[in-house]
>>> print(open('data.pdb').read())   # PDB, C-alpha atoms
ATOM      1  CA  MET A 174       0.000   0.000   0.000  1.00  0.00           C
ATOM      2  CA  LYS A 175       2.790   2.395   0.932  1.00  0.00           C
ATOM      3  CA  ASP A 176       4.508   1.871  -2.441  1.00  0.00           C
ATOM      4  CA  SER A 177       1.289   2.547  -4.362  1.00  0.00           C
ATOM      5  CA  ILE A 178       0.785   5.824  -2.500  1.00  0.00           C
ATOM      6  CA  ARG A 179       4.399   6.858  -3.141  1.00  0.00           C
ATOM      7  CA  LEU A 180       3.934   6.024  -6.820  1.00  0.00           C
ATOM      8  CA  ARG A 181       0.728   8.054  -6.973  1.00  0.00           C
ATOM      9  CA  ILE A 182       2.505  11.032  -5.374  1.00  0.00           C
ATOM     10  CA  VAL A 183       5.396  10.754  -7.839  1.00  0.00           C
ATOM     11  CA  GLN A 184       3.070  10.504 -10.847  1.00  0.00           C
ATOM     12  CA  GLU A 185       0.989  13.492  -9.793  1.00  0.00           C
ATOM     13  CA  ALA A 186       4.131  15.479  -8.987  1.00  0.00           C
ATOM     14  CA  ALA A 187       5.566  14.645 -12.427  1.00  0.00           C
ATOM     15  CA  ASP A 188       2.398  16.002 -14.053  1.00  0.00           C
ATOM     16  CA  LEU A 189       2.564  19.186 -11.994  1.00  0.00           C
ATOM     17  CA  PHE A 190       6.317  19.681 -12.497  1.00  0.00           C
ATOM     18  CA  ASN A 191       5.886  19.233 -16.239  1.00  0.00           C
ATOM     19  CA  ALA A 192       3.056  21.765 -16.275  1.00  0.00           C
ATOM     20  CA  LYS A 193       4.555  24.394 -13.963  1.00  0.00           C
ATOM     21  CA  GLY A 194       8.213  23.559 -13.413  1.00  0.00           C
ATOM     22  CA  TYR A 195       9.737  22.667 -10.080  1.00  0.00           C
ATOM     23  CA  ARG A 196       9.515  26.165  -8.620  1.00  0.00           C
ATOM     24  CA  GLY A 197       5.926  26.654  -9.724  1.00  0.00           C
ATOM     25  CA  VAL A 198       4.604  23.750  -7.652  1.00  0.00           C
ATOM     26  CA  THR A 199       3.878  23.853  -3.943  1.00  0.00           C
ATOM     27  CA  LEU A 200       3.428  20.904  -1.637  1.00  0.00           C
ATOM     28  CA  SER A 201       0.021  22.316  -0.682  1.00  0.00           C
ATOM     29  CA  GLU A 202      -1.049  22.226  -4.314  1.00  0.00           C
ATOM     30  CA  LEU A 203       0.267  18.690  -4.740  1.00  0.00           C
ATOM     31  CA  ALA A 204      -1.494  17.522  -1.570  1.00  0.00           C
ATOM     32  CA  THR A 205      -4.768  19.098  -2.709  1.00  0.00           C
ATOM     33  CA  ARG A 206      -4.578  17.405  -6.107  1.00  0.00           C
ATOM     34  CA  LEU A 207      -3.931  14.094  -4.383  1.00  0.00           C
ATOM     35  CA  GLY A 208      -6.767  14.599  -1.896  1.00  0.00           C
ATOM     36  CA  MET A 209      -4.458  14.378   1.097  1.00  0.00           C
ATOM     37  CA  SER A 210      -2.838  16.707   3.591  1.00  0.00           C
ATOM     38  CA  LYS A 211       0.692  18.074   3.418  1.00  0.00           C
ATOM     39  CA  LYS A 212       1.314  16.154   6.622  1.00  0.00           C
ATOM     40  CA  THR A 213       0.512  12.923   4.752  1.00  0.00           C
ATOM     41  CA  LEU A 214       2.990  13.875   2.001  1.00  0.00           C
ATOM     42  CA  TYR A 215       5.668  14.200   4.672  1.00  0.00           C
ATOM     43  CA  LEU A 216       5.020  10.603   5.726  1.00  0.00           C
ATOM     44  CA  TYR A 217       6.357   9.529   2.330  1.00  0.00           C
ATOM     45  CA  PHE A 218       8.849  12.254   1.367  1.00  0.00           C
ATOM     46  CA  SER A 219      10.961  14.730   3.327  1.00  0.00           C
ATOM     47  CA  GLY A 220      10.025  17.565   0.989  1.00  0.00           C
ATOM     48  CA  LYS A 221       9.566  18.784  -2.551  1.00  0.00           C
ATOM     49  CA  GLU A 222      13.190  18.177  -3.497  1.00  0.00           C
ATOM     50  CA  GLU A 223      12.953  14.506  -2.564  1.00  0.00           C
ATOM     51  CA  ILE A 224       9.760  14.228  -4.630  1.00  0.00           C
ATOM     52  CA  ALA A 225      11.543  15.802  -7.609  1.00  0.00           C
ATOM     53  CA  GLU A 226      14.362  13.305  -7.115  1.00  0.00           C
ATOM     54  CA  ALA A 227      11.825  10.442  -7.160  1.00  0.00           C
ATOM     55  CA  VAL A 228      10.346  11.801 -10.404  1.00  0.00           C
ATOM     56  CA  LEU A 229      13.809  11.911 -11.946  1.00  0.00           C
ATOM     57  CA  GLU A 230      14.648   8.428 -10.587  1.00  0.00           C
ATOM     58  CA  THR A 231      11.620   7.008 -12.415  1.00  0.00           C
ATOM     59  CA  PHE A 232      12.940   8.545 -15.632  1.00  0.00           C
ATOM     60  CA  LEU A 233      16.452   7.183 -15.019  1.00  0.00           C
ATOM     61  CA  LYS A 234      15.186   3.665 -14.290  1.00  0.00           C
ATOM     62  CA  THR A 235      13.303   3.640 -17.581  1.00  0.00           C
ATOM     63  CA  ILE A 236      16.441   4.688 -19.474  1.00  0.00           C
ATOM     64  CA  THR A 237      18.537   2.069 -17.649  1.00  0.00           C
ATOM     65  CA  LEU A 238      16.128  -0.698 -18.639  1.00  0.00           C
ATOM     66  CA  LEU A 239      16.035   0.544 -22.229  1.00  0.00           C
ATOM     67  CA  VAL A 240      19.834   0.559 -22.578  1.00  0.00           C
ATOM     68  CA  LYS A 241      20.221  -2.795 -20.800  1.00  0.00           C
ATOM     69  CA  GLY A 242      17.617  -4.422 -23.021  1.00  0.00           C
ATOM     70  CA  GLN A 243      19.130  -3.096 -26.240  1.00  0.00           C
ATOM     71  CA  MET A 244      22.678  -4.036 -25.262  1.00  0.00           C
ATOM     72  CA  GLN A 245      21.591  -7.675 -25.161  1.00  0.00           C
ATOM     73  CA  SER A 246      20.524  -7.516 -28.810  1.00  0.00           C
ATOM     74  CA  SER A 247      22.698  -8.990 -31.545  1.00  0.00           C
ATOM     75  CA  ASP A 248      21.217  -6.645 -34.176  1.00  0.00           C
ATOM     76  CA  HIS A 249      23.256  -4.255 -36.320  1.00  0.00           C
ATOM     77  CA  PRO A 250      25.115  -1.998 -33.835  1.00  0.00           C
ATOM     78  CA  LEU A 251      23.967   1.227 -35.493  1.00  0.00           C
ATOM     79  CA  ASP A 252      20.348   0.021 -35.376  1.00  0.00           C
ATOM     80  CA  ILE A 253      20.763  -0.650 -31.654  1.00  0.00           C
ATOM     81  CA  PHE A 254      22.298   2.771 -31.179  1.00  0.00           C
ATOM     82  CA  GLU A 255      19.421   4.415 -33.037  1.00  0.00           C
ATOM     83  CA  ARG A 256      16.771   2.529 -31.038  1.00  0.00           C
ATOM     84  CA  VAL A 257      18.416   3.540 -27.780  1.00  0.00           C
ATOM     85  CA  PHE A 258      18.657   7.140 -28.920  1.00  0.00           C
ATOM     86  CA  MET A 259      15.004   7.185 -30.033  1.00  0.00           C
ATOM     87  CA  GLY A 260      13.928   5.641 -26.734  1.00  0.00           C
ATOM     88  CA  ILE A 261      15.886   8.186 -24.733  1.00  0.00           C
ATOM     89  CA  ARG A 262      14.491  10.962 -26.908  1.00  0.00           C
ATOM     90  CA  GLY A 263      10.976   9.743 -26.150  1.00  0.00           C
ATOM     91  CA  GLU A 264      11.658   9.715 -22.430  1.00  0.00           C
ATOM     92  CA  ILE A 265      13.295  13.157 -22.455  1.00  0.00           C
ATOM     93  CA  ALA A 266      10.249  14.512 -24.288  1.00  0.00           C
ATOM     94  CA  LYS A 267       8.158  13.483 -21.265  1.00  0.00           C
ATOM     95  CA  LEU A 268      10.160  15.838 -19.041  1.00  0.00           C
ATOM     96  CA  HIS A 269       9.214  19.440 -19.646  1.00  0.00           C
ATOM     97  CA  PRO A 270      12.173  21.779 -20.252  1.00  0.00           C
ATOM     98  CA  LEU A 271      10.877  24.082 -17.515  1.00  0.00           C
ATOM     99  CA  PHE A 272      11.187  21.250 -14.983  1.00  0.00           C
ATOM    100  CA  LEU A 273      14.677  20.359 -16.221  1.00  0.00           C
ATOM    101  CA  ASN A 274      15.738  24.001 -16.229  1.00  0.00           C
ATOM    102  CA  ASP A 275      14.488  24.443 -12.660  1.00  0.00           C
ATOM    103  CA  ILE A 276      16.421  21.362 -11.560  1.00  0.00           C
ATOM    104  CA  GLN A 277      19.549  22.649 -13.273  1.00  0.00           C
ATOM    105  CA  THR A 278      19.135  26.079 -11.663  1.00  0.00           C
ATOM    106  CA  TYR A 279      17.687  25.387  -8.216  1.00  0.00           C
ATOM    107  CA  ILE A 280      18.705  21.817  -7.349  1.00  0.00           C
ATOM    108  CA  PRO A 281      22.283  21.562  -8.640  1.00  0.00           C
ATOM    109  CA  ASP A 282      22.965  18.332  -6.717  1.00  0.00           C
ATOM    110  CA  LEU A 283      20.077  16.644  -8.497  1.00  0.00           C
ATOM    111  CA  TRP A 284      21.257  18.038 -11.841  1.00  0.00           C
ATOM    112  CA  ALA A 285      24.741  16.670 -11.109  1.00  0.00           C
ATOM    113  CA  LYS A 286      23.159  13.279 -10.441  1.00  0.00           C
ATOM    114  CA  LEU A 287      21.465  13.441 -13.848  1.00  0.00           C
ATOM    115  CA  GLU A 288      24.743  14.370 -15.527  1.00  0.00           C
ATOM    116  CA  ALA A 289      26.592  11.526 -13.779  1.00  0.00           C
ATOM    117  CA  PHE A 290      23.883   9.090 -14.837  1.00  0.00           C
ATOM    118  CA  ARG A 291      24.096  10.311 -18.416  1.00  0.00           C
ATOM    119  CA  SER A 292      27.858   9.776 -18.401  1.00  0.00           C
ATOM    120  CA  ALA A 293      27.570   6.278 -16.950  1.00  0.00           C
ATOM    121  CA  GLN A 294      24.806   5.150 -19.293  1.00  0.00           C
ATOM    122  CA  LEU A 295      26.509   6.416 -22.403  1.00  0.00           C
ATOM    123  CA  THR A 296      29.372   3.958 -22.015  1.00  0.00           C
ATOM    124  CA  PHE A 297      27.319   1.704 -24.260  1.00  0.00           C
ATOM    125  CA  ILE A 298      28.318   4.035 -27.113  1.00  0.00           C
ATOM    126  CA  GLU A 299      31.927   2.915 -26.978  1.00  0.00           C
ATOM    127  CA  GLN A 300      30.924  -0.756 -27.076  1.00  0.00           C
ATOM    128  CA  LEU A 301      28.617  -0.207 -30.040  1.00  0.00           C
ATOM    129  CA  LEU A 302      31.202   1.886 -31.892  1.00  0.00           C
ATOM    130  CA  LYS A 303      33.845  -0.817 -31.460  1.00  0.00           C
ATOM    131  CA  ARG A 304      31.476  -3.422 -32.789  1.00  0.00           C
ATOM    132  CA  ALA A 305      30.333  -1.237 -35.702  1.00  0.00           C
ATOM    133  CA  MET A 306      33.948  -0.519 -36.625  1.00  0.00           C
ATOM    134  CA  GLN A 307      34.917  -4.205 -36.459  1.00  0.00           C
ATOM    135  CA  GLU A 308      32.008  -5.051 -38.745  1.00  0.00           C
ATOM    136  CA  GLY A 309      32.982  -2.281 -41.195  1.00  0.00           C
ATOM    137  CA  HIS A 310      29.902  -0.103 -40.684  1.00  0.00           C
ATOM    138  CA  ILE A 311      31.768   3.004 -39.569  1.00  0.00           C
ATOM    139  CA  ARG A 312      35.113   4.576 -40.256  1.00  0.00           C
ATOM    140  CA  ASN A 313      38.215   3.517 -38.381  1.00  0.00           C
ATOM    141  CA  VAL A 314      38.191   5.876 -35.412  1.00  0.00           C
ATOM    142  CA  ASN A 315      39.362   5.715 -31.832  1.00  0.00           C
ATOM    143  CA  PRO A 316      36.108   4.576 -30.117  1.00  0.00           C
ATOM    144  CA  LYS A 317      37.188   5.869 -26.720  1.00  0.00           C
ATOM    145  CA  LEU A 318      38.003   9.328 -28.086  1.00  0.00           C
ATOM    146  CA  LEU A 319      34.835   9.461 -30.193  1.00  0.00           C
ATOM    147  CA  THR A 320      32.740   8.418 -27.201  1.00  0.00           C
ATOM    148  CA  ALA A 321      34.353  11.196 -25.153  1.00  0.00           C
ATOM    149  CA  ILE A 322      33.624  13.754 -27.899  1.00  0.00           C
ATOM    150  CA  MET A 323      30.022  12.575 -28.185  1.00  0.00           C
ATOM    151  CA  LEU A 324      29.526  12.616 -24.416  1.00  0.00           C
ATOM    152  CA  GLU A 325      31.064  16.057 -23.998  1.00  0.00           C
ATOM    153  CA  SER A 326      28.932  17.388 -26.856  1.00  0.00           C
ATOM    154  CA  ILE A 327      25.768  15.944 -25.352  1.00  0.00           C
ATOM    155  CA  GLU A 328      26.589  17.184 -21.848  1.00  0.00           C
ATOM    156  CA  ARG A 329      27.410  20.660 -23.123  1.00  0.00           C
ATOM    157  CA  MET A 330      24.690  21.084 -25.719  1.00  0.00           C
ATOM    158  CA  ALA A 331      21.683  18.938 -24.705  1.00  0.00           C
ATOM    159  CA  ARG A 332      20.756  21.113 -21.755  1.00  0.00           C
ATOM    160  CA  PRO A 333      17.654  23.238 -21.199  1.00  0.00           C
ATOM    161  CA  ASP A 334      19.602  26.504 -20.945  1.00  0.00           C
ATOM    162  CA  VAL A 335      21.561  25.917 -24.169  1.00  0.00           C
ATOM    163  CA  ALA A 336      18.495  24.769 -26.099  1.00  0.00           C
ATOM    164  CA  ALA A 337      16.588  27.858 -24.937  1.00  0.00           C
ATOM    165  CA  LYS A 338      19.512  30.092 -25.910  1.00  0.00           C
ATOM    166  CA  TYR A 339      19.266  28.858 -29.508  1.00  0.00           C
ATOM    167  CA  GLY A 340      15.483  28.670 -29.591  1.00  0.00           C
ATOM    168  CA  VAL A 341      15.262  24.888 -30.011  1.00  0.00           C
ATOM    169  CA  THR A 342      14.123  22.007 -27.838  1.00  0.00           C
ATOM    170  CA  MET A 343      16.453  19.588 -26.101  1.00  0.00           C
ATOM    171  CA  VAL A 344      15.060  16.889 -28.386  1.00  0.00           C
ATOM    172  CA  GLU A 345      16.003  18.935 -31.481  1.00  0.00           C
ATOM    173  CA  MET A 346      19.465  19.519 -30.047  1.00  0.00           C
ATOM    174  CA  GLY A 347      19.922  15.795 -29.377  1.00  0.00           C
ATOM    175  CA  GLU A 348      18.613  14.783 -32.817  1.00  0.00           C
ATOM    176  CA  THR A 349      21.005  17.177 -34.532  1.00  0.00           C
ATOM    177  CA  LEU A 350      23.991  15.889 -32.574  1.00  0.00           C
ATOM    178  CA  PHE A 351      22.959  12.284 -33.217  1.00  0.00           C
ATOM    179  CA  GLY A 352      22.554  12.929 -36.942  1.00  0.00           C
ATOM    180  CA  LEU A 353      25.923  14.638 -37.240  1.00  0.00           C
ATOM    181  CA  PHE A 354      27.728  11.819 -35.502  1.00  0.00           C
ATOM    182  CA  MET A 355      25.950   8.957 -37.235  1.00  0.00           C
ATOM    183  CA  HIS A 356      26.131  10.319 -40.766  1.00  0.00           C
ATOM    184  CA  GLY A 357      29.710  11.455 -40.322  1.00  0.00           C
ATOM    185  CA  LEU A 358      30.828   8.054 -39.068  1.00  0.00           C
ATOM    186  CA  ARG A 359      29.235   5.761 -41.600  1.00  0.00           C
ATOM    187  CA  THR A 360      31.308   4.175 -44.291  1.00  0.00           C
ATOM    188  CA  ASP A 361      30.144   4.350 -47.909  1.00  0.00           C
ATOM    189  CA  SER A 362      29.000   0.735 -47.669  1.00  0.00           C
ATOM    190  CA  CYS A 363      26.227   1.523 -45.150  1.00  0.00           C
TER
END
>>> encode(input="data.pdb", output="structure tokens")
Amino acid sequence: MKDSIRLRIVQEAADLFNAKGYRGVTLSELATRLGMSKKTLYLYFSGKEEIAEAVLETFLKTITLLVKGQMQSSDHPLDIFERVFMGIRGEIAKLHPLFLNDIQTYIPDLWAKLEAFRSAQLTFIEQLLKRAMQEGHIRNVNPKLLTAIMLESIERMARPDVAAKYGVTMVEMGETLFGLFMHGLRTDSC
């Protein structure tokens, strides 16, 4: 029962955060939407920041399962890479840029956790690049260096503040980076 209530709180909070951003949501508003008191919320979470962390954790678990599932596939490595990217893109689209921007601005420890997760999960890139190169699908490049360049590009560019600066979405930013890397790497035989 306790887990189902926590899940309900996290789902409702995700909806509110995506509609109003982190700063725009109060615990009173969340409690009212859930039909419970703020005191009841505190039985499950220490505060709004912990609820935001739980919302982000749900997102990260989904990405982890997606990557893990695709890494077990024996399909063409670039097809796997594209499916993972498309899955991540779909999940990122569920998180409103206002929520992500608020996390980046007002909860830097939580943003750092997201960045660390992104770095750890993207190690699959190096494995896929090695395999794609061995099979002749991409140019002969240093997979470790290319992975580092890709990761640094994603960390620097696929952020709410950078996307807003250039008037694009984070999804558009990610798609552009993905396209540049994938088309630039392919051999003529692909």
>>> residues_near_point(input="data.pdb", point="(16.4, 20.0, -20.6)", cutoff="9 Å", atoms="only C-alpha atoms", output="mmCIF file with C-alpha atoms, in the frame of the given file")
data_model
loop_
_atom_site.group_PDB
_atom_site.id
_atom_site.type_symbol
_atom_site.label_atom_id
_atom_site.label_comp_id
_atom_site.auth_asym_id
_atom_site.auth_seq_id
_atom_site.Cartn_x
_atom_site.Cartn_y
_atom_site.Cartn_z
ATOM 1 C CA ILE A 265 13.295 13.157 -22.455
ATOM 2 C CA LEU A 268 10.160 15.838 -19.041
ATOM 3 C CA HIS A 269 9.214 19.440 -19.646
ATOM 4 C CA PRO A 270 12.173 21.779 -20.252
ATOM 5 C CA LEU A 271 10.877 24.082 -17.515
ATOM 6 C CA PHE A 272 11.187 21.250 -14.983
ATOM 7 C CA LEU A 273 14.677 20.359 -16.221
ATOM 8 C CA ASN A 274 15.738 24.001 -16.229
ATOM 9 C CA GLN A 277 19.549 22.649 -13.273
ATOM 10 C CA ALA A 331 21.683 18.938 -24.705
ATOM 11 C CA ARG A 332 20.756 21.113 -21.755
ATOM 12 C CA PRO A 333 17.654 23.238 -21.199
ATOM 13 C CA ASP A 334 19.602 26.504 -20.945
ATOM 14 C CA VAL A 335 21.561 25.917 -24.169
ATOM 15 C CA ALA A 336 18.495 24.769 -26.099
ATOM 16 C CA ALA A 337 16.588 27.858 -24.937
ATOM 17 C CA THR A 342 14.123 22.007 -27.838
ATOM 18 C CA MET A 343 16.453 19.588 -26.101
ATOM 19 C CA VAL A 344 15.060 16.889 -28.386
#
>>> residues_near_point(input="data.pdb", point="(8.5, 5.0, -19.6)", cutoff="12 Å", atoms="only C-alpha atoms", output="number ranges by chain")
A: 184, 228-239, 260-268
>>> atom_distance(input="data.pdb", atom1="CA of Leu301 in chain A", atom2="CA of His356 in chain A")
15.2 Å
>>> atom_distance(input="data.pdb", atom1="CA of Lys317 in chain A", atom2="CA of Gln245 in chain A")
20.7 Å
>>> residues_around(input="data.pdb", residues="Leu350 in chain A", least_positions_apart="5", cutoff="12 Å", atoms="all atoms listed in the file", output="list in words")
Phe258, Ile322, Met323, Leu324, Glu325, Ser326, Ile327, Glu328, Arg329, Met330, Ala331, Met343, Val344, Glu345, Met355, His356 and Gly357 of chain A
>>> write_last_selection(input="data.pdb", atoms="C-alpha atoms", output="short mmCIF file (atom, residue, chain, number, x, y, z; two decimals), in the coordinates of the input")
data_model
loop_
_atom_site.label_atom_id
_atom_site.label_comp_id
_atom_site.auth_asym_id
_atom_site.auth_seq_id
_atom_site.Cartn_x
_atom_site.Cartn_y
_atom_site.Cartn_z
CA PHE A 258 18.66 7.14 -28.92
CA ILE A 322 33.62 13.75 -27.90
CA MET A 323 30.02 12.58 -28.18
CA LEU A 324 29.53 12.62 -24.42
CA GLU A 325 31.06 16.06 -24.00
CA SER A 326 28.93 17.39 -26.86
CA ILE A 327 25.77 15.94 -25.35
CA GLU A 328 26.59 17.18 -21.85
CA ARG A 329 27.41 20.66 -23.12
CA MET A 330 24.69 21.08 -25.72
CA ALA A 331 21.68 18.94 -24.70
CA MET A 343 16.45 19.59 -26.10
CA VAL A 344 15.06 16.89 -28.39
CA GLU A 345 16.00 18.93 -31.48
CA MET A 355 25.95 8.96 -37.24
CA HIS A 356 26.13 10.32 -40.77
CA GLY A 357 29.71 11.46 -40.32
#
>>> closest_residue(input="data.pdb", among="A:Ala285, A:Ala293, A:Val183, A:Ile311", to="Ile224 in chain A", atoms="all atoms listed in the file")
A:Val183
>>> closest_residue(input="data.pdb", among="A:Lys303, A:Arg179, A:Lys241, A:Arg196", to="Lys221 in chain A", atoms="all atoms listed in the file")
A:Arg196
>>> resolve_selection(input="data.pdb", expression="the PyMOL selection byres ((chain A and resi 209-215) around 12)", output="PyMOL selection string")
chain A and resi 175+178-183+185-186+199-208+216-224
>>> atom_distance(input="data.pdb", atom1="CA of Ala305 in chain A", atom2="CA of Pro250 in chain A")
5.6 Å
>>> resolve_selection(input="data.pdb", expression="the PyMOL selection byres ((chain A and resi 296) around 12)", output="VMD selection string")
chain A and resid 237 240 to 241 244 254 289 to 295 297 to 303 316 to 321 323 to 324
>>> closest_residue(input="data.pdb", among="A:Glu226, A:Asp176, A:Thr360, A:Phe351", to="Pro281 in chain A", atoms="all atoms listed in the file")
A:Glu226
>>> closest_residue(input="data.pdb", among="A:Ile280, A:Gly352, A:Tyr195, A:Asn315", to="Met259 in chain A", atoms="all atoms listed in the file")
A:Gly352
>>> residues_around(input="data.pdb", residues="Arg359 in chain A", least_positions_apart="5", cutoff="10 Å", atoms="all atoms listed in the file", output="ChimeraX atom specification")
/A:251,305-306,309-313,354
>>> write_last_selection(input="data.pdb", atoms="C-alpha atoms", output="mmCIF file, keeping the file's coordinate frame")
data_model
loop_
_atom_site.group_PDB
_atom_site.id
_atom_site.type_symbol
_atom_site.label_atom_id
_atom_site.label_comp_id
_atom_site.auth_asym_id
_atom_site.auth_seq_id
_atom_site.Cartn_x
_atom_site.Cartn_y
_atom_site.Cartn_z
ATOM 1 C CA LEU A 251 23.967 1.227 -35.493
ATOM 2 C CA ALA A 305 30.333 -1.237 -35.702
ATOM 3 C CA MET A 306 33.948 -0.519 -36.625
ATOM 4 C CA GLY A 309 32.982 -2.281 -41.195
ATOM 5 C CA HIS A 310 29.902 -0.103 -40.684
ATOM 6 C CA ILE A 311 31.768 3.004 -39.569
ATOM 7 C CA ARG A 312 35.113 4.576 -40.256
ATOM 8 C CA ASN A 313 38.215 3.517 -38.381
ATOM 9 C CA PHE A 354 27.728 11.819 -35.502
#
>>> build_atoms(input="data.pdb", residues="range 278-295 of chain A", atoms="N, CA, C and O atoms", output="PDB file, in the frame of the given file")
ATOM      1  N   THR A 278      18.907  24.799 -12.325  1.00  0.00           N
ATOM      2  CA  THR A 278      19.135  26.079 -11.663  1.00  0.00           C
ATOM      3  C   THR A 278      19.026  26.009 -10.139  1.00  0.00           C
ATOM      4  O   THR A 278      19.855  26.569  -9.430  1.00  0.00           O
ATOM      5  N   TYR A 279      18.011  25.314  -9.644  1.00  0.00           N
ATOM      6  CA  TYR A 279      17.687  25.387  -8.216  1.00  0.00           C
ATOM      7  C   TYR A 279      18.044  24.141  -7.398  1.00  0.00           C
ATOM      8  O   TYR A 279      18.051  24.200  -6.167  1.00  0.00           O
ATOM      9  N   ILE A 280      18.308  23.029  -8.074  1.00  0.00           N
ATOM     10  CA  ILE A 280      18.705  21.817  -7.349  1.00  0.00           C
ATOM     11  C   ILE A 280      19.964  21.269  -8.026  1.00  0.00           C
ATOM     12  O   ILE A 280      19.934  20.213  -8.662  1.00  0.00           O
ATOM     13  N   PRO A 281      21.075  21.969  -7.919  1.00  0.00           N
ATOM     14  CA  PRO A 281      22.283  21.562  -8.640  1.00  0.00           C
ATOM     15  C   PRO A 281      22.772  20.154  -8.296  1.00  0.00           C
ATOM     16  O   PRO A 281      23.340  19.471  -9.152  1.00  0.00           O
ATOM     17  N   ASP A 282      22.546  19.697  -7.067  1.00  0.00           N
ATOM     18  CA  ASP A 282      22.965  18.332  -6.717  1.00  0.00           C
ATOM     19  C   ASP A 282      22.175  17.295  -7.511  1.00  0.00           C
ATOM     20  O   ASP A 282      22.729  16.278  -7.935  1.00  0.00           O
ATOM     21  N   LEU A 283      20.906  17.559  -7.715  1.00  0.00           N
ATOM     22  CA  LEU A 283      20.077  16.644  -8.497  1.00  0.00           C
ATOM     23  C   LEU A 283      20.462  16.707  -9.977  1.00  0.00           C
ATOM     24  O   LEU A 283      20.511  15.686 -10.660  1.00  0.00           O
ATOM     25  N   TRP A 284      20.789  17.908 -10.460  1.00  0.00           N
ATOM     26  CA  TRP A 284      21.257  18.038 -11.841  1.00  0.00           C
ATOM     27  C   TRP A 284      22.579  17.290 -12.021  1.00  0.00           C
ATOM     28  O   TRP A 284      22.784  16.616 -13.028  1.00  0.00           O
ATOM     29  N   ALA A 285      23.458  17.386 -11.039  1.00  0.00           N
ATOM     30  CA  ALA A 285      24.741  16.670 -11.109  1.00  0.00           C
ATOM     31  C   ALA A 285      24.503  15.164 -11.149  1.00  0.00           C
ATOM     32  O   ALA A 285      25.213  14.434 -11.852  1.00  0.00           O
ATOM     33  N   LYS A 286      23.508  14.700 -10.418  1.00  0.00           N
ATOM     34  CA  LYS A 286      23.159  13.279 -10.441  1.00  0.00           C
ATOM     35  C   LYS A 286      22.695  12.868 -11.841  1.00  0.00           C
ATOM     36  O   LYS A 286      23.073  11.805 -12.339  1.00  0.00           O
ATOM     37  N   LEU A 287      21.915  13.708 -12.478  1.00  0.00           N
ATOM     38  CA  LEU A 287      21.465  13.441 -13.848  1.00  0.00           C
ATOM     39  C   LEU A 287      22.642  13.402 -14.808  1.00  0.00           C
ATOM     40  O   LEU A 287      22.744  12.517 -15.657  1.00  0.00           O
ATOM     41  N   GLU A 288      23.556  14.332 -14.672  1.00  0.00           N
ATOM     42  CA  GLU A 288      24.743  14.370 -15.527  1.00  0.00           C
ATOM     43  C   GLU A 288      25.621  13.131 -15.318  1.00  0.00           C
ATOM     44  O   GLU A 288      26.125  12.554 -16.281  1.00  0.00           O
ATOM     45  N   ALA A 289      25.789  12.724 -14.067  1.00  0.00           N
ATOM     46  CA  ALA A 289      26.592  11.526 -13.779  1.00  0.00           C
ATOM     47  C   ALA A 289      25.927  10.282 -14.363  1.00  0.00           C
ATOM     48  O   ALA A 289      26.595   9.422 -14.933  1.00  0.00           O
ATOM     49  N   PHE A 290      24.622  10.215 -14.257  1.00  0.00           N
ATOM     50  CA  PHE A 290      23.883   9.090 -14.837  1.00  0.00           C
ATOM     51  C   PHE A 290      24.076   9.062 -16.339  1.00  0.00           C
ATOM     52  O   PHE A 290      24.337   8.018 -16.926  1.00  0.00           O
ATOM     53  N   ARG A 291      23.951  10.221 -16.961  1.00  0.00           N
ATOM     54  CA  ARG A 291      24.096  10.311 -18.416  1.00  0.00           C
ATOM     55  C   ARG A 291      25.486   9.820 -18.823  1.00  0.00           C
ATOM     56  O   ARG A 291      25.630   9.053 -19.772  1.00  0.00           O
ATOM     57  N   SER A 292      26.493  10.218 -18.100  1.00  0.00           N
ATOM     58  CA  SER A 292      27.858   9.776 -18.401  1.00  0.00           C
ATOM     59  C   SER A 292      27.993   8.264 -18.263  1.00  0.00           C
ATOM     60  O   SER A 292      28.575   7.604 -19.114  1.00  0.00           O
ATOM     61  N   ALA A 293      27.450   7.717 -17.189  1.00  0.00           N
ATOM     62  CA  ALA A 293      27.570   6.278 -16.950  1.00  0.00           C
ATOM     63  C   ALA A 293      26.805   5.467 -17.982  1.00  0.00           C
ATOM     64  O   ALA A 293      27.289   4.437 -18.454  1.00  0.00           O
ATOM     65  N   GLN A 294      25.623   5.900 -18.348  1.00  0.00           N
ATOM     66  CA  GLN A 294      24.806   5.150 -19.293  1.00  0.00           C
ATOM     67  C   GLN A 294      25.348   5.215 -20.714  1.00  0.00           C
ATOM     68  O   GLN A 294      25.145   4.296 -21.500  1.00  0.00           O
ATOM     69  N   LEU A 295      26.037   6.268 -21.032  1.00  0.00           N
ATOM     70  CA  LEU A 295      26.509   6.416 -22.403  1.00  0.00           C
ATOM     71  C   LEU A 295      27.772   5.616 -22.699  1.00  0.00           C
ATOM     72  O   LEU A 295      28.287   5.658 -23.802  1.00  0.00           O
TER      73      LEU A 295
END
